[in-house]
file structure07.txt (compact mmCIF, C-alpha atoms)
# COMPACT_ATOMS: atom_id res chain seq x y z
CA MET V 1 0.00 0.00 0.00
CA HIS V 2 2.88 2.37 0.83
CA LYS V 3 4.45 1.83 -2.63
CA ILE V 4 1.15 2.70 -4.34
CA SER V 5 0.79 5.93 -2.30
CA LEU V 6 4.35 6.95 -3.10
CA LEU V 7 3.84 6.24 -6.81
CA LEU V 8 0.58 8.21 -6.80
CA LEU V 9 2.31 11.15 -5.07
CA ILE V 10 5.09 11.14 -7.66
CA LEU V 11 2.60 11.07 -10.54
CA LEU V 12 0.50 13.88 -9.08
CA THR V 13 3.42 16.20 -8.43
CA ALA V 14 5.26 15.46 -11.67
CA GLY V 15 3.00 17.75 -13.68
CA CYS V 16 3.28 20.51 -11.07
CA THR V 17 7.03 20.83 -11.19
CA GLN V 18 7.29 21.12 -14.96
CA SER V 19 6.64 24.48 -16.57
CA SER V 20 6.72 23.34 -20.18
CA ASN V 21 3.44 25.12 -21.04
CA CYS V 22 4.56 28.09 -23.05
CA GLY V 23 2.48 29.90 -25.62
CA ILE V 24 0.63 33.06 -26.55
CA GLU V 25 -1.62 34.05 -23.67
CA ASN V 26 -3.90 36.56 -25.40
CA CYS V 27 -6.07 35.92 -28.44
CA HIS V 28 -6.12 39.15 -30.42
CA GLY V 29 -4.19 42.26 -31.36
CA LEU V 30 -0.57 43.24 -31.74
CA ASP V 31 0.31 43.25 -28.02
CA ILE V 32 1.38 39.63 -27.79
CA THR V 33 2.18 38.15 -24.39
CA CYS V 34 3.78 34.78 -23.75
CA GLY V 35 3.29 32.59 -20.70
CA SER V 36 1.66 29.46 -19.37
CA ASN V 37 -1.95 30.76 -19.34
CA ILE V 38 -2.73 29.68 -22.88
CA PRO V 39 -6.43 30.04 -23.73
CA GLU V 40 -8.26 26.90 -24.78
CA ALA V 41 -10.45 28.87 -27.18
CA CYS V 42 -10.65 32.40 -28.58
CA THR V 43 -13.51 34.47 -29.94
CA THR V 44 -13.82 34.86 -33.69
CA LEU V 45 -13.79 38.65 -33.34
CA TYR V 46 -11.01 40.00 -35.56
CA GLN V 47 -8.75 42.87 -34.50
CA LEU V 48 -6.28 44.80 -36.63
CA GLY V 49 -3.07 42.88 -36.97
CA ASP V 50 -4.39 39.50 -35.86
CA PHE V 51 -2.81 37.92 -38.95
CA CYS V 52 0.64 39.11 -37.75
CA ARG V 53 0.30 36.66 -34.86
CA GLU V 54 1.14 33.80 -37.23
CA TYR V 55 4.72 35.14 -37.20
CA ALA V 56 4.87 35.08 -33.39
CA ASN V 57 6.40 32.20 -31.49
CA CYS V 58 6.82 31.70 -27.76
CA THR V 59 9.71 29.58 -26.46
CA LEU V 60 11.15 28.63 -23.10
CA ILE V 61 14.48 30.38 -22.56
CA GLU V 62 16.19 29.65 -19.25
CA GLY V 63 12.84 28.70 -17.73
CA ALA V 64 11.01 31.86 -18.91
CA CYS V 65 8.37 31.81 -21.64
CA THR V 66 9.59 34.46 -24.07
CA LEU V 67 8.35 35.92 -27.37
CA GLU V 68 10.76 35.26 -30.23
CA THR V 69 10.90 38.54 -32.11
CA SER V 70 11.52 37.77 -35.78
CA GLN V 71 12.09 40.48 -38.37
CA GLN V 72 8.94 39.27 -40.11
CA LEU V 73 6.86 39.91 -36.96
CA ILE V 74 8.47 43.33 -36.45
CA ASP V 75 7.80 44.38 -40.05
CA CYS V 76 4.23 43.06 -39.97
CA LYS V 77 3.43 44.92 -36.73
CA SER V 78 5.04 48.09 -38.09
CA CYS V 79 2.92 47.98 -41.25
CA VAL V 80 -0.31 47.47 -39.27
CA ASN V 81 0.63 50.18 -36.74
CA ASN V 82 1.09 52.60 -39.65
CA CYS V 83 -2.40 51.74 -40.90
CA GLU V 84 -3.84 52.28 -37.42
CA THR V 85 -2.11 55.67 -37.16
CA GLN V 86 -3.11 56.90 -40.62
CA PHE V 87 -6.69 55.61 -40.89
CA ASP V 88 -9.86 55.06 -38.87
CA GLY V 89 -12.46 52.32 -39.00
CA ILE V 90 -12.88 50.37 -42.21
CA ASP V 91 -10.07 52.32 -43.93
CA ALA V 92 -7.60 50.92 -41.38
CA PHE V 93 -8.72 47.37 -42.24
CA THR V 94 -8.42 48.13 -45.97
CA CYS V 95 -4.88 49.38 -45.36
CA GLU V 96 -4.16 46.26 -43.29
CA SER V 97 -5.02 44.06 -46.28
CA THR V 98 -2.03 45.61 -48.12
CA CYS V 99 0.14 44.58 -45.16
CA ARG V 100 -1.14 41.01 -45.53
CA GLU V 101 -0.27 41.04 -49.25
CA LYS V 102 3.16 42.49 -48.48
CA MET V 103 3.86 39.76 -45.92
CA SER V 104 2.91 37.03 -48.43
CA THR V 105 5.94 38.06 -50.52
CA TYR V 106 8.23 38.90 -47.56
CA CYS V 107 11.74 37.42 -47.43
CA ASN V 108 15.05 37.76 -45.64
CA GLU V 109 16.92 35.46 -48.00
CA GLU V 110 16.28 33.58 -51.22
CA SER V 111 15.44 30.35 -49.42
CA ASP V 112 12.36 32.17 -48.02
CA CYS V 113 10.92 32.43 -51.55
CA ALA V 114 9.06 29.80 -53.57
CA CYS V 115 6.83 29.50 -56.60
CA GLY V 116 3.76 27.35 -57.13
CA ARG V 117 0.12 27.99 -56.22
CA ASN V 118 -1.08 30.46 -53.61
CA LYS V 119 -2.33 28.49 -50.58
CA ASN V 120 -5.33 30.81 -50.19
CA THR V 121 -6.43 31.46 -53.78
CA GLY V 122 -5.00 28.49 -55.72
CA GLU V 123 -3.65 30.87 -58.37
CA CYS V 124 -0.11 30.65 -59.74
CA PHE V 125 1.99 32.67 -57.32
CA PHE V 126 5.51 33.42 -56.15
CA GLY V 127 6.23 34.72 -52.68
CA ASN V 128 7.09 33.67 -49.15
CA LYS V 129 7.30 29.86 -49.02
CA GLU V 130 4.74 29.80 -46.19
CA SER V 131 2.14 31.22 -48.64
CA VAL V 132 3.00 28.87 -51.52
CA ASN V 133 1.85 25.33 -52.19
CA THR V 134 4.98 24.00 -53.90
CA ASN V 135 3.36 20.59 -54.55
CA GLU V 136 1.26 22.24 -57.25
CA GLN V 137 3.60 23.86 -59.75
CA CYS V 138 3.04 26.38 -62.55
CA PRO V 139 6.17 25.73 -64.66
CA ASP V 140 5.67 28.40 -67.34
CA TYR V 141 4.66 30.95 -64.72
CA CYS V 142 7.48 30.15 -62.28
CA SER V 143 10.45 29.62 -64.56
CA GLY V 144 9.17 31.05 -67.84
CA ILE V 145 8.44 29.24 -71.09
CA ALA V 146 12.13 29.48 -72.04
CA GLY V 147 13.31 28.77 -68.47
CA ASN V 148 14.54 32.34 -68.20
CA LEU V 149 12.82 33.37 -64.95
CA GLU V 150 13.97 32.98 -61.35
CA ILE V 151 12.58 34.04 -57.96
CA LYS V 152 14.99 36.19 -55.93
CA CYS V 153 14.78 37.96 -52.57
CA ILE V 154 15.30 41.65 -53.37
CA GLN V 155 14.86 44.29 -50.65
CA LYS V 156 12.85 41.87 -48.45
CA GLU V 157 10.45 40.95 -51.25
CA CYS V 158 10.30 37.79 -53.34
CA THR V 159 10.65 39.06 -56.91
CA GLN V 160 10.63 37.35 -60.28
CA VAL V 161 13.64 38.30 -62.42
CA SER V 162 14.94 37.41 -65.89
CA ILE V 163 18.14 35.39 -66.01
call {"tool": "encode", "arguments": {"input": "structure07.txt", "output": "structure tokens"}}
result
Amino acid sequence: MHKISLLLLILLTAGCTQSSNCGIENCHGLDITCGSNIPEACTTLYQLGDFCREYANCTLIEGACTLETSQQLIDCKSCVNNCETQFDGIDAFTCESTCREKMSTYCNEESDCACGRNKNTGECFFGNKESVNTNEQCPDYCSGIAGNLEIKCIQKECTQVSI
């Protein structure tokens, strides 16, 4: 009986000593907080910049749940903040849609770029590899009929160039 109680005590306290729960604690907006209070569900209400959250990642660093600040997240938030500053209401959301388009072609290096079909629209598309379904190719569109086109990362944007 004593062994069973000890085993039960170990099992019950094992989950309490680990702090491996690390994620985004709030559901909407650009003020992203990381911690262990991760919501089980969020409302479907959309706020400006919610799409930028896909570039956010929380990780445990020396026992603290910390937001990894990527350049992509910084640039996305900056674009949306500019829209919020310049416009009100529906105009701010219209402006935000240009940020979304800009982020779909965002790159830091050439390996960030790909060509295939847009994951959202299914149209032939080149841009950030996260927005491209590379399993469905558009050969003439991506590389040109004569094979003279290439996708390059130029000034943080995936761009099609002649070679």
call {"tool": "closest_residue", "arguments": {"input": "structure07.txt", "among": "V:Glu136, V:Glu40, V:Asp75, V:Glu150", "to": "Cys107 (chain V)", "atoms": "all atoms listed in the file"}}
result
V:Asp75
call {"tool": "closest_residue", "arguments": {"input": "structure07.txt", "among": "V:Val80, V:Leu60, V:Cys115, V:Leu67", "to": "Gly144 (chain V)", "atoms": "all atoms listed in the file"}}
result
V:Cys115
call {"tool": "closest_residue", "arguments": {"input": "structure07.txt", "among": "V:Thr159, V:Thr44, V:Asn81, V:Thr33", "to": "Thr69 (chain V)", "atoms": "only C-alpha atoms"}}
result
V:Thr33
call {"tool": "atom_distance", "arguments": {"input": "structure07.txt", "atom1": "CA of Cys27 (chain V)", "atom2": "CA of Tyr46 (chain V)"}}
result
9.6 Å
call {"tool": "atom_distance", "arguments": {"input": "structure07.txt", "atom1": "CA of Asp140 (chain V)", "atom2": "CA of Phe126 (chain V)"}}
result
12.3 Å
call {"tool": "closest_residue", "arguments": {"input": "structure07.txt", "among": "V:Asn118, V:Asn128, V:Asn26, V:Ser36", "to": "Lys156 (chain V)", "atoms": "only C-alpha atoms"}}
result
V:Asn128
call {"tool": "closest_residue", "arguments": {"input": "structure07.txt", "among": "V:Gln155, V:Cys142, V:Gln47, V:Asn37", "to": "Gly89 (chain V)", "atoms": "all atoms listed in the file"}}
result
V:Gln47
call {"tool": "closest_residue", "arguments": {"input": "structure07.txt", "among": "V:Cys65, V:Ile163, V:Cys58, V:Cys76", "to": "Glu101 (chain V)", "atoms": "only C-alpha atoms"}}
result
V:Cys76
